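Undergrad: Starting off with a structure, shown below.
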Amino acid sequence: MLGTTIREVSLALREGRLSATELCKKCLKRIKKTHYLNSFITVTEELAMKQAQEAEHRLLRGKPHGPLDGVPFSVKDNFCTENIETTCASHMLKGYCPPFNATVVQKLLDQGAVLVGKTNLDEFAMGSGSTDSVFGPARNPWSYTSSYREQSPEQDPDSDWVITGGSSGGSAAAVASLSSFMALGSDTGGSTRNPGSLCGVVALKPTYGLLSRHGLIPLVNSMDVPGIITRSVQDAATVLGVLQGRDEKDSTTVQFPNLATSLPEDFDIRDICVGIPKEYHAPGLSAETLTQWGRVASMFERAGAKVREVSLPHTQHSIVCYHVLCCAEVASNMARFDGLEYGHRSAVESSTEALYATTRHEGFNHVVRTRILSGNYFLLKQNYDRYFVKAQQIRRLIAEDFRRVFQSGVDVLLTPTTLSDAARYSDFIQEDNRTRSAQEDIFTQPVNMAGLPAVSVPTALSSRGLPLGLQLIGQSFQDMKMLTVAYWMEQQLGFPIIRFHDAAERNTDERDQGEECKLRS
């Protein structure tokens, strides 16, 4: 049951083969059973059951709010949720309960979706491993699967687990571990797609301006986008259709005419031209990822699609440019956390300056403080033109590279999402956050600089038994067209369902698979 898609479970709910309360209870039980993953910061059990009961009454009357009515979902803990603690995984916001819902959260609730909890992340979404949270690191569910454990039977599950990726690692882990049917993440430089790839789930970063950012606690205003994590491309398209649209509370949202709300049915892969950017053959790209990239490109070609190499010449400067702009906007956004209005406040009150300084030192971790310091340095009067203005100029050139390639007749670009499969936690933390983020964001952040849509699709398991993903990049506001290509790709690849290693988990899997067959029959 928990391994089915949103479309399948929604049909079962509407036809009465499954009740919304029963489904909610199973998800909550699953969250408790997989608590060792640390994917949730807050579990909203009481609220979820109340929402599920309301959904059940609507479904029994034959008046569902929409395709998501009664479907459990989770939300990254940097989205505001009314009267539910929203921490950004930081001491700074511990105990903060917003008085309103983020627009994308409200839209899901308006559809009757059931909120089961808030998920773990790197503090203030600054990281690529979901390892820098005050609540501890999130663990990748694939660390506990048969495919991973059988490759290295001598490994200790308590010390040899692998990271989820980040910063939306808790959201990706929640969907991958079958605790939620969908989850919201945020994507500033790849924070949805990176964990999506490493956890073997579909992760969509929509076009900038297509989804409202209202209620998403900002990291980099000019690049932040709410992300969608699901177990299938079709589910991602369903959720996107619900969430997209103009919001008067967010001036960066765009009212785009005749925007598709679902995947088109009259699709022929032979009409598609797929571009392969030569600059994405980056140092550190694993042989297995390179092999899968080539295999999928050949798969498109054999099916009749046009596949050709393209050039994005300014890609080499992208990660440095992203770092400058990210830190500059972080410094600006983090200025509001001063200990006066909400959040953490230091007990040191010898002076206003001392209160500010100690509040921020106690409230922020080293990663956040470092980015604030870097950003303030880049924004100094004597450095402004040399760093911030120059980075903005390079950003424009990066966007122009993409525009030129798409104008040449290319429909989508096919690239790796990450350099390799998930690193072991013990290996990942050997390097600092800044170094790791530069490595892990290499393929994902150019898309945020250009404001384009992108989706990571699970492709295959590595020799270690861990997921590998590939990324499709689409044209601005052509999200559904890109997802249509991703859906075709997903159907050809047949990525395996997660199988947990221990006997108890296997018994649960077998029961769920039996129920899944009943749902589909």
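All residue names refer to the structure tokens as shown: chains lettered A, B, ... in order, residues numbered from 1 in each chain, ligands numbered from 1 in order.
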Which residues come within 9 Å of segment 466-472 of chain A, counting only C-alpha atoms, excluding same-chain residues fewer than 5 positions away, as an MDAnalysis selection string?

TA: chainID A and resid 142:143 145 147:148 193:194 196:202 288:289 292:293 296 412:418 420:422 443:444 453:461 482:483 485:486 495

Undergrad: Which residues of segment 53-159 of chain A come within 8 Å of segment 167-177 of chain A, and for each one, what is the closest pair of atoms and their distance in Å to one decimal, counting only C-alpha atoms, sorted by chain and residue number, as a Markdown table?

TA:
| residue | atom | partner | partner_atom | distance |
| --- | --- | --- | --- | --- |
| A:Ser74 | CA | A:Ser171 | CA | 6.9 |
| A:Val75 | CA | A:Ser171 | CA | 6.8 |
| A:Lys76 | CA | A:Ser171 | CA | 6.0 |
| A:Thr119 | CA | A:Gly170 | CA | 4.8 |
| A:Asn120 | CA | A:Gly170 | CA | 4.4 |
| A:Leu121 | CA | A:Ser167 | CA | 5.2 |
| A:Asp122 | CA | A:Ser167 | CA | 5.1 |
| A:Ala125 | CA | A:Ser167 | CA | 5.1 |
| A:Met126 | CA | A:Ser167 | CA | 6.5 |
| A:Gly127 | CA | A:Ser167 | CA | 5.3 |
| A:Ser128 | CA | A:Ser167 | CA | 5.1 |
| A:Gly129 | CA | A:Ser167 | CA | 6.1 |
| A:Ser130 | CA | A:Ser167 | CA | 5.1 |
| A:Ala138 | CA | A:Gly170 | CA | 6.0 |
| A:Arg139 | CA | A:Ala173 | CA | 7.4 |
| A:Asn140 | CA | A:Ala173 | CA | 6.0 |
| A:Pro141 | CA | A:Ser177 | CA | 5.8 |

Undergrad: For the residues in the current selection, export N, CA, C and O atoms as a PDB file, in the first residue's frame.

TA:
ATOM      1  N   SER A  74       4.643  15.314   3.628  1.00  0.00           N
ATOM      2  CA  SER A  74       5.499  15.936   4.643  1.00  0.00           C
ATOM      3  C   SER A  74       6.138  17.189   4.057  1.00  0.00           C
ATOM      4  O   SER A  74       6.161  17.377   2.833  1.00  0.00           O
ATOM      5  N   VAL A  75       6.649  18.034   4.935  1.00  0.00           N
ATOM      6  CA  VAL A  75       7.135  19.352   4.535  1.00  0.00           C
ATOM      7  C   VAL A  75       8.503  19.622   5.169  1.00  0.00           C
ATOM      8  O   VAL A  75       8.676  19.406   6.382  1.00  0.00           O
ATOM      9  N   LYS A  76       9.427  20.080   4.389  1.00  0.00           N
ATOM     10  CA  LYS A  76      10.744  20.473   4.902  1.00  0.00           C
ATOM     11  C   LYS A  76      10.561  21.562   5.958  1.00  0.00           C
ATOM     12  O   LYS A  76       9.733  22.470   5.786  1.00  0.00           O
ATOM     13  N   THR A 119      10.185  17.826   8.063  1.00  0.00           N
ATOM     14  CA  THR A 119      11.363  16.987   7.839  1.00  0.00           C
ATOM     15  C   THR A 119      12.690  17.705   8.095  1.00  0.00           C
ATOM     16  O   THR A 119      12.794  18.923   8.043  1.00  0.00           O
ATOM     17  N   ASN A 120      13.708  16.882   8.318  1.00  0.00           N
ATOM     18  CA  ASN A 120      15.051  17.339   8.685  1.00  0.00           C
ATOM     19  C   ASN A 120      15.786  17.949   7.493  1.00  0.00           C
ATOM     20  O   ASN A 120      15.477  17.646   6.332  1.00  0.00           O
ATOM     21  N   LEU A 121      16.781  18.767   7.785  1.00  0.00           N
ATOM     22  CA  LEU A 121      17.543  19.474   6.753  1.00  0.00           C
ATOM     23  C   LEU A 121      18.848  19.976   7.338  1.00  0.00           C
ATOM     24  O   LEU A 121      19.048  19.949   8.562  1.00  0.00           O
ATOM     25  N   ASP A 122      19.758  20.416   6.480  1.00  0.00           N
ATOM     26  CA  ASP A 122      20.921  21.170   6.950  1.00  0.00           C
ATOM     27  C   ASP A 122      20.427  22.502   7.504  1.00  0.00           C
ATOM     28  O   ASP A 122      19.467  23.084   6.990  1.00  0.00           O
ATOM     29  N   ALA A 125      19.052  25.294   5.518  1.00  0.00           N
ATOM     30  CA  ALA A 125      19.192  24.753   4.155  1.00  0.00           C
ATOM     31  C   ALA A 125      20.567  25.014   3.548  1.00  0.00           C
ATOM     32  O   ALA A 125      20.711  25.079   2.338  1.00  0.00           O
ATOM     33  N   MET A 126      21.592  25.156   4.400  1.00  0.00           N
ATOM     34  CA  MET A 126      22.951  25.410   3.913  1.00  0.00           C
ATOM     35  C   MET A 126      23.775  24.133   4.010  1.00  0.00           C
ATOM     36  O   MET A 126      24.400  23.861   5.036  1.00  0.00           O
ATOM     37  N   GLY A 127      23.753  23.341   2.936  1.00  0.00           N
ATOM     38  CA  GLY A 127      24.524  22.110   2.927  1.00  0.00           C
ATOM     39  C   GLY A 127      24.048  21.154   1.859  1.00  0.00           C
ATOM     40  O   GLY A 127      23.005  21.359   1.239  1.00  0.00           O
ATOM     41  N   SER A 128      24.808  20.094   1.654  1.00  0.00           N
ATOM     42  CA  SER A 128      24.458  19.126   0.609  1.00  0.00           C
ATOM     43  C   SER A 128      24.453  17.698   1.139  1.00  0.00           C
ATOM     44  O   SER A 128      24.552  16.752   0.368  1.00  0.00           O
ATOM     45  N   GLY A 129      24.315  17.551   2.469  1.00  0.00           N
ATOM     46  CA  GLY A 129      24.295  16.206   3.030  1.00  0.00           C
ATOM     47  C   GLY A 129      23.210  15.971   4.056  1.00  0.00           C
ATOM     48  O   GLY A 129      22.985  14.835   4.474  1.00  0.00           O
ATOM     49  N   SER A 130      22.524  17.025   4.486  1.00  0.00           N
ATOM     50  CA  SER A 130      21.576  16.964   5.610  1.00  0.00           C
ATOM     51  C   SER A 130      22.271  16.404   6.853  1.00  0.00           C
ATOM     52  O   SER A 130      21.713  15.606   7.609  1.00  0.00           O
ATOM     53  N   ALA A 138      20.330  13.289   8.951  1.00  0.00           N
ATOM     54  CA  ALA A 138      19.346  12.345   8.397  1.00  0.00           C
ATOM     55  C   ALA A 138      20.096  11.189   7.732  1.00  0.00           C
ATOM     56  O   ALA A 138      21.182  11.382   7.188  1.00  0.00           O
ATOM     57  N   ARG A 139      19.513  10.004   7.794  1.00  0.00           N
ATOM     58  CA  ARG A 139      20.149   8.817   7.199  1.00  0.00           C
ATOM     59  C   ARG A 139      19.396   8.385   5.947  1.00  0.00           C
ATOM     60  O   ARG A 139      18.169   8.454   5.884  1.00  0.00           O
ATOM     61  N   ASN A 140      20.146   7.911   4.988  1.00  0.00           N
ATOM     62  CA  ASN A 140      19.570   7.453   3.716  1.00  0.00           C
ATOM     63  C   ASN A 140      18.917   6.082   3.911  1.00  0.00           C
ATOM     64  O   ASN A 140      19.577   5.141   4.371  1.00  0.00           O
ATOM     65  N   PRO A 141      17.621   5.936   3.575  1.00  0.00           N
ATOM     66  CA  PRO A 141      16.958   4.630   3.737  1.00  0.00           C
ATOM     67  C   PRO A 141      17.657   3.497   3.001  1.00  0.00           C
ATOM     68  O   PRO A 141      17.588   2.339   3.435  1.00  0.00           O
TER      69      PRO A 141
END

Undergrad: If I take atom CA of Thr4 of chain A and atom CA of Lys25 of chain A, how far is one from the other in Å, to one decimal?

TA: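 Between atom CA of Thr4 of chain A and atom CA of Lys25 of chain A the gap works out to 15.8 Å.
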
Undergrad: Looking at A:Ala423, A:Met92, A:Val105, A:Val274, which one is nearest to Pro195 of chain A, with distances taken over only C-alpha atoms?

TA: A:Ala423

Undergrad: Neighbouring residues of Cys321 of chain A were defined as those with any atom within 8 Å, considering only C-alpha atoms; residues of the same chain fewer than 2 positions away were excluded. Please report them as a VMD selection string.

TA: chain A and resid 317 to 319 323 to 325 391 to 392 394 to 395

Undergrad: Pick out the closest residue to Leu263 of chain A from this set: A:Ser286, A:Asn365, A:Thr238, A:Ser146. Count only C-alpha atoms.

TA: A:Thr238

Undergrad: Neighbours of Gly189 of chain A within 7 Å (only C-alpha atoms; same-chain residues fewer than 6 positions away dropped), as a list in words?

TA: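 In the requested form, the answer reads Asp441, Thr444, Gln445 and Asn448 of chain A.
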
Undergrad: Using only C-alpha atoms, find the one residue out of A:Ser10, A:Gln491, A:Thr131, A:Ser346 that sits nearest to His65 of chain A.

TA: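 Comparing A:Ser10, A:Gln491, A:Thr131, A:Ser346 against His65 of chain A, the winner is A:Ser10.
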
Undergrad: Can you tell me, as a list in words, what residues are no more than 10 Å from Gln106 of chain A when counting only C-alpha atoms, ignoring any on the same chain fewer than 3 positions away?

TA: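 Surrounding residues, per the criterion: Cys80, Thr81, Glu82, Phe100, Asn101, Ala102, Thr103, Leu109, Asp110, Gln111, Gly112, Ala113, Gly215 and Leu243 of chain A.
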
Undergrad: Just N, CA and C atoms for this one: save the residues we selected as a CSV table (one decimal), in the first residue's frame.

TA:
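Writing the result to result_18.csv gives the following:
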chain,number,residue,atom,x,y,z
A,80,CYS,N,6.9,27.6,6.5
A,80,CYS,CA,6.0,28.0,7.6
A,80,CYS,C,4.8,27.2,7.7
A,81,THR,N,4.4,26.7,8.9
A,81,THR,CA,3.2,25.9,9.1
A,81,THR,C,2.5,26.5,10.3
A,82,GLU,N,1.3,26.8,10.1
A,82,GLU,CA,0.5,27.5,11.1
A,82,GLU,C,0.4,26.7,12.4
A,100,PHE,N,0.9,31.5,10.3
A,100,PHE,CA,0.3,31.3,8.9
A,100,PHE,C,1.0,30.1,8.2
A,101,ASN,N,0.4,29.6,7.2
A,101,ASN,CA,1.0,28.6,6.3
A,101,ASN,C,1.7,29.2,5.1
A,102,ALA,N,2.8,28.6,4.7
A,102,ALA,CA,3.3,28.9,3.4
A,102,ALA,C,2.3,28.6,2.3
A,103,THR,N,2.3,29.4,1.2
A,103,THR,CA,1.3,29.3,0.2
A,103,THR,C,1.2,27.8,-0.4
A,109,LEU,N,-3.1,21.6,1.6
A,109,LEU,CA,-4.1,21.4,2.6
A,109,LEU,C,-5.5,21.7,2.1
A,110,ASP,N,-5.6,22.7,1.2
A,110,ASP,CA,-6.9,23.0,0.5
A,110,ASP,C,-7.3,21.9,-0.4
A,111,GLN,N,-6.4,21.1,-0.8
A,111,GLN,CA,-6.7,19.9,-1.7
A,111,GLN,C,-7.1,18.7,-0.8
A,112,GLY,N,-7.0,18.8,0.5
A,112,GLY,CA,-7.3,17.7,1.4
A,112,GLY,C,-6.2,16.8,1.7
A,113,ALA,N,-4.9,17.2,1.3
A,113,ALA,CA,-3.8,16.4,1.6
A,113,ALA,C,-3.5,16.4,3.1
A,215,GLY,N,6.2,32.2,2.6
A,215,GLY,CA,6.3,31.3,3.7
A,215,GLY,C,7.4,30.3,3.7
A,243,LEU,N,0.1,23.1,-7.3
A,243,LEU,CA,0.9,24.2,-6.6
A,243,LEU,C,1.2,25.4,-7.5

Undergrad: Go through segment 197-422 of chain A and collect every residue that DSSP, computed from the backbone, puts in alpha helix (DSSP H); the answer should be as a PyMOL selection string.

TA: chain A and resi 197-199+233-243+287-302+318-333+352-363+366-378+390-407

Undergrad: Can you spit out the residues from that selection as a PDB file, in the first residue's frame, using C-alpha atoms?

TA:
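This is the output file out.pdb:
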ATOM      1  CA  SER A 197      19.191  11.382  -6.734  1.00  0.00           C
ATOM      2  CA  LEU A 198      20.919   9.844  -3.698  1.00  0.00           C
ATOM      3  CA  CYS A 199      17.660   8.483  -2.203  1.00  0.00           C
ATOM      4  CA  VAL A 233       7.201  11.479 -12.429  1.00  0.00           C
ATOM      5  CA  GLN A 234       3.438  11.409 -12.905  1.00  0.00           C
ATOM      6  CA  ASP A 235       2.958  12.140  -9.197  1.00  0.00           C
ATOM      7  CA  ALA A 236       5.365  15.095  -9.455  1.00  0.00           C
ATOM      8  CA  ALA A 237       3.313  16.441 -12.375  1.00  0.00           C
ATOM      9  CA  THR A 238       0.083  16.046 -10.361  1.00  0.00           C
ATOM     10  CA  VAL A 239       1.510  17.992  -7.412  1.00  0.00           C
ATOM     11  CA  LEU A 240       2.977  20.652  -9.713  1.00  0.00           C
ATOM     12  CA  GLY A 241      -0.432  21.144 -11.336  1.00  0.00           C
ATOM     13  CA  VAL A 242      -1.891  21.866  -7.891  1.00  0.00           C
ATOM     14  CA  LEU A 243       0.868  24.176  -6.650  1.00  0.00           C
ATOM     15  CA  ALA A 287      32.739   5.890 -13.886  1.00  0.00           C
ATOM     16  CA  GLU A 288      29.337   4.396 -13.014  1.00  0.00           C
ATOM     17  CA  THR A 289      27.524   7.727 -13.336  1.00  0.00           C
ATOM     18  CA  LEU A 290      29.278   8.357 -16.647  1.00  0.00           C
ATOM     19  CA  THR A 291      28.223   4.897 -17.866  1.00  0.00           C
ATOM     20  CA  GLN A 292      24.577   5.517 -16.930  1.00  0.00           C
ATOM     21  CA  TRP A 293      24.668   8.945 -18.602  1.00  0.00           C
ATOM     22  CA  GLY A 294      25.903   7.348 -21.821  1.00  0.00           C
ATOM     23  CA  ARG A 295      23.437   4.453 -21.551  1.00  0.00           C
ATOM     24  CA  VAL A 296      20.414   6.733 -21.217  1.00  0.00           C
ATOM     25  CA  ALA A 297      21.619   9.007 -24.036  1.00  0.00           C
ATOM     26  CA  SER A 298      21.888   5.912 -26.257  1.00  0.00           C
ATOM     27  CA  MET A 299      18.430   4.810 -25.120  1.00  0.00           C
ATOM     28  CA  PHE A 300      16.979   8.111 -26.347  1.00  0.00           C
ATOM     29  CA  GLU A 301      18.824   7.751 -29.636  1.00  0.00           C
ATOM     30  CA  ARG A 302      17.650   4.176 -30.243  1.00  0.00           C
ATOM     31  CA  SER A 318      29.224  28.776 -12.307  1.00  0.00           C
ATOM     32  CA  ILE A 319      30.057  27.256  -8.911  1.00  0.00           C
ATOM     33  CA  VAL A 320      32.270  30.207  -7.884  1.00  0.00           C
ATOM     34  CA  CYS A 321      29.671  32.689  -9.108  1.00  0.00           C
ATOM     35  CA  TYR A 322      26.970  30.805  -7.186  1.00  0.00           C
ATOM     36  CA  HIS A 323      29.038  30.865  -4.000  1.00  0.00           C
ATOM     37  CA  VAL A 324      29.473  34.657  -4.135  1.00  0.00           C
ATOM     38  CA  LEU A 325      25.801  35.372  -4.820  1.00  0.00           C
ATOM     39  CA  CYS A 326      24.603  32.802  -2.292  1.00  0.00           C
ATOM     40  CA  CYS A 327      26.737  34.199   0.529  1.00  0.00           C
ATOM     41  CA  ALA A 328      25.791  37.790  -0.306  1.00  0.00           C
ATOM     42  CA  GLU A 329      22.057  37.060  -0.125  1.00  0.00           C
ATOM     43  CA  VAL A 330      22.493  34.863   2.960  1.00  0.00           C
ATOM     44  CA  ALA A 331      24.190  37.760   4.761  1.00  0.00           C
ATOM     45  CA  SER A 332      21.222  39.963   3.918  1.00  0.00           C
ATOM     46  CA  ASN A 333      18.546  37.397   4.830  1.00  0.00           C
ATOM     47  CA  THR A 352      22.640  45.884  22.562  1.00  0.00           C
ATOM     48  CA  GLU A 353      25.767  45.016  20.601  1.00  0.00           C
ATOM     49  CA  ALA A 354      26.612  42.178  23.013  1.00  0.00           C
ATOM     50  CA  LEU A 355      23.022  40.874  22.750  1.00  0.00           C
ATOM     51  CA  TYR A 356      23.201  40.818  18.948  1.00  0.00           C
ATOM     52  CA  ALA A 357      26.622  39.162  18.864  1.00  0.00           C
ATOM     53  CA  THR A 358      25.976  36.426  21.425  1.00  0.00           C
ATOM     54  CA  THR A 359      22.477  35.695  20.091  1.00  0.00           C
ATOM     55  CA  ARG A 360      23.823  35.080  16.606  1.00  0.00           C
ATOM     56  CA  HIS A 361      26.828  33.107  17.854  1.00  0.00           C
ATOM     57  CA  GLU A 362      24.626  30.850  19.991  1.00  0.00           C
ATOM     58  CA  GLY A 363      21.804  30.599  17.443  1.00  0.00           C
ATOM     59  CA  HIS A 366      29.620  27.485  12.140  1.00  0.00           C
ATOM     60  CA  VAL A 367      28.405  26.943   8.555  1.00  0.00           C
ATOM     61  CA  VAL A 368      25.798  29.708   8.710  1.00  0.00           C
ATOM     62  CA  ARG A 369      28.152  32.131  10.475  1.00  0.00           C
ATOM     63  CA  THR A 370      30.853  31.491   7.863  1.00  0.00           C
ATOM     64  CA  ARG A 371      28.499  32.223   4.978  1.00  0.00           C
ATOM     65  CA  ILE A 372      27.296  35.418   6.658  1.00  0.00           C
ATOM     66  CA  LEU A 373      30.901  36.582   7.111  1.00  0.00           C
ATOM     67  CA  SER A 374      31.754  35.729   3.482  1.00  0.00           C
ATOM     68  CA  GLY A 375      28.658  37.518   2.206  1.00  0.00           C
ATOM     69  CA  ASN A 376      29.396  40.648   4.199  1.00  0.00           C
ATOM     70  CA  TYR A 377      32.940  40.630   2.833  1.00  0.00           C
ATOM     71  CA  PHE A 378      31.674  40.397  -0.770  1.00  0.00           C
ATOM     72  CA  LYS A 390      31.049  40.518 -11.420  1.00  0.00           C
ATOM     73  CA  ALA A 391      29.123  37.439 -10.250  1.00  0.00           C
ATOM     74  CA  GLN A 392      25.863  38.971 -11.487  1.00  0.00           C
ATOM     75  CA  GLN A 393      27.459  39.537 -14.886  1.00  0.00           C
ATOM     76  CA  ILE A 394      28.661  35.933 -15.063  1.00  0.00           C
ATOM     77  CA  ARG A 395      25.187  34.781 -14.019  1.00  0.00           C
ATOM     78  CA  ARG A 396      23.707  36.585 -17.014  1.00  0.00           C
ATOM     79  CA  LEU A 397      26.219  34.832 -19.304  1.00  0.00           C
ATOM     80  CA  ILE A 398      25.298  31.441 -17.825  1.00  0.00           C
ATOM     81  CA  ALA A 399      21.606  32.128 -18.505  1.00  0.00           C
ATOM     82  CA  GLU A 400      22.505  33.213 -22.052  1.00  0.00           C
ATOM     83  CA  ASP A 401      24.330  29.908 -22.630  1.00  0.00           C
ATOM     84  CA  PHE A 402      21.147  27.990 -21.807  1.00  0.00           C
ATOM     85  CA  ARG A 403      18.974  30.322 -23.888  1.00  0.00           C
ATOM     86  CA  ARG A 404      21.231  29.930 -26.926  1.00  0.00           C
ATOM     87  CA  VAL A 405      21.208  26.112 -26.682  1.00  0.00           C
ATOM     88  CA  PHE A 406      17.419  25.930 -26.391  1.00  0.00           C
ATOM     89  CA  GLN A 407      16.966  28.371 -29.275  1.00  0.00           C
TER      90      GLN A 407
END

Undergrad: Give the answer as one residue: which of A:Thr21, A:Ser39, A:Gln51, A:Ser180 has the shortest atom-to-atom distance to Ile6 of chain A, using only C-alpha atoms?

TA: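 Between A:Thr21, A:Ser39, A:Gln51, A:Ser180, the residue approaching Ile6 of chain A most closely is A:Ser180.
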
Undergrad: Using only C-alpha atoms, which of A:Lys33, A:Ser232, A:Asp266, A:Cys97 sits nearest Pro496 of chain A?

TA: A:Ser232

Undergrad: Pull the strand (DSSP E) assignments for segment 193-402 of chain A out of DSSP run on the backbone, and list those residues as number ranges by chain.

TA: A: 202-205, 225-230, 273-277, 306-310

Undergrad: Since we have the selection now, will you write its residues out, keeping N, CA, C and O atoms, as an mmCIF file, in the first residue's frame?

TA:
data_model
loop_
_atom_site.group_PDB
_atom_site.id
_atom_site.type_symbol
_atom_site.label_atom_id
_atom_site.label_comp_id
_atom_site.auth_asym_id
_atom_site.auth_seq_id
_atom_site.Cartn_x
_atom_site.Cartn_y
_atom_site.Cartn_z
ATOM 1 N N VAL A 202 12.013 10.774 -7.324
ATOM 2 C CA VAL A 202 11.892 11.841 -8.317
ATOM 3 C C VAL A 202 11.903 13.181 -7.588
ATOM 4 O O VAL A 202 11.175 13.364 -6.601
ATOM 5 N N ALA A 203 12.736 14.112 -8.061
ATOM 6 C CA ALA A 203 12.860 15.411 -7.393
ATOM 7 C C ALA A 203 12.799 16.519 -8.438
ATOM 8 O O ALA A 203 13.650 16.597 -9.328
ATOM 9 N N LEU A 204 11.774 17.350 -8.313
ATOM 10 C CA LEU A 204 11.504 18.392 -9.307
ATOM 11 C C LEU A 204 11.822 19.775 -8.766
ATOM 12 O O LEU A 204 11.353 20.154 -7.684
ATOM 13 N N LYS A 205 12.615 20.522 -9.514
ATOM 14 C CA LYS A 205 12.834 21.948 -9.252
ATOM 15 C C LYS A 205 12.098 22.708 -10.352
ATOM 16 O O LYS A 205 12.519 22.720 -11.508
ATOM 17 N N VAL A 225 13.470 28.070 -4.757
ATOM 18 C CA VAL A 225 12.245 27.557 -5.380
ATOM 19 C C VAL A 225 11.727 26.398 -4.525
ATOM 20 O O VAL A 225 12.513 25.539 -4.127
ATOM 21 N N PRO A 226 10.427 26.341 -4.219
ATOM 22 C CA PRO A 226 9.898 25.139 -3.571
ATOM 23 C C PRO A 226 10.070 23.939 -4.497
ATOM 24 O O PRO A 226 9.792 24.023 -5.702
ATOM 25 N N GLY A 227 10.550 22.847 -3.945
ATOM 26 C CA GLY A 227 10.763 21.640 -4.741
ATOM 27 C C GLY A 227 9.745 20.569 -4.390
ATOM 28 O O GLY A 227 9.154 20.578 -3.308
ATOM 29 N N ILE A 228 9.544 19.621 -5.311
ATOM 30 C CA ILE A 228 8.552 18.552 -5.150
ATOM 31 C C ILE A 228 9.271 17.209 -5.220
ATOM 32 O O ILE A 228 10.002 16.939 -6.175
ATOM 33 N N ILE A 229 9.058 16.363 -4.194
ATOM 34 C CA ILE A 229 9.668 15.039 -4.154
ATOM 35 C C ILE A 229 8.563 13.990 -4.102
ATOM 36 O O ILE A 229 7.681 14.040 -3.229
ATOM 37 N N THR A 230 8.607 13.046 -5.048
ATOM 38 C CA THR A 230 7.612 11.975 -5.136
ATOM 39 C C THR A 230 8.323 10.685 -5.552
ATOM 40 O O THR A 230 9.522 10.677 -5.783
ATOM 41 N N CYS A 273 14.513 16.619 -29.154
ATOM 42 C CA CYS A 273 15.964 16.737 -29.313
ATOM 43 C C CYS A 273 16.599 16.876 -27.930
ATOM 44 O O CYS A 273 16.239 17.778 -27.164
ATOM 45 N N VAL A 274 17.506 15.968 -27.604
ATOM 46 C CA VAL A 274 18.156 15.926 -26.293
ATOM 47 C C VAL A 274 19.590 16.437 -26.423
ATOM 48 O O VAL A 274 20.361 15.942 -27.247
ATOM 49 N N GLY A 275 19.941 17.432 -25.629
ATOM 50 C CA GLY A 275 21.296 17.974 -25.644
ATOM 51 C C GLY A 275 22.147 17.374 -24.528
ATOM 52 O O GLY A 275 21.669 17.159 -23.412
ATOM 53 N N ILE A 276 23.403 17.107 -24.843
ATOM 54 C CA ILE A 276 24.364 16.579 -23.866
ATOM 55 C C ILE A 276 25.463 17.622 -23.679
ATOM 56 O O ILE A 276 26.330 17.774 -24.547
ATOM 57 N N PRO A 277 25.457 18.382 -22.578
ATOM 58 C CA PRO A 277 26.458 19.441 -22.393
ATOM 59 C C PRO A 277 27.859 18.860 -22.145
ATOM 60 O O PRO A 277 28.052 18.108 -21.189
ATOM 61 N N LYS A 306 16.458 12.815 -31.298
ATOM 62 C CA LYS A 306 17.721 13.399 -31.755
ATOM 63 C C LYS A 306 18.577 13.704 -30.526
ATOM 64 O O LYS A 306 18.105 14.351 -29.593
ATOM 65 N N VAL A 307 19.802 13.226 -30.529
ATOM 66 C CA VAL A 307 20.722 13.454 -29.412
ATOM 67 C C VAL A 307 21.981 14.106 -29.962
ATOM 68 O O VAL A 307 22.605 13.581 -30.886
ATOM 69 N N ARG A 308 22.338 15.262 -29.392
ATOM 70 C CA ARG A 308 23.570 15.917 -29.868
ATOM 71 C C ARG A 308 24.290 16.631 -28.735
ATOM 72 O O ARG A 308 23.680 17.056 -27.764
ATOM 73 N N GLU A 309 25.593 16.712 -28.896
ATOM 74 C CA GLU A 309 26.419 17.406 -27.898
ATOM 75 C C GLU A 309 26.239 18.908 -28.046
ATOM 76 O O GLU A 309 26.152 19.430 -29.151
ATOM 77 N N VAL A 310 26.174 19.592 -26.913
ATOM 78 C CA VAL A 310 26.038 21.050 -26.907
ATOM 79 C C VAL A 310 27.085 21.633 -25.958
ATOM 80 O O VAL A 310 27.712 20.909 -25.180
#
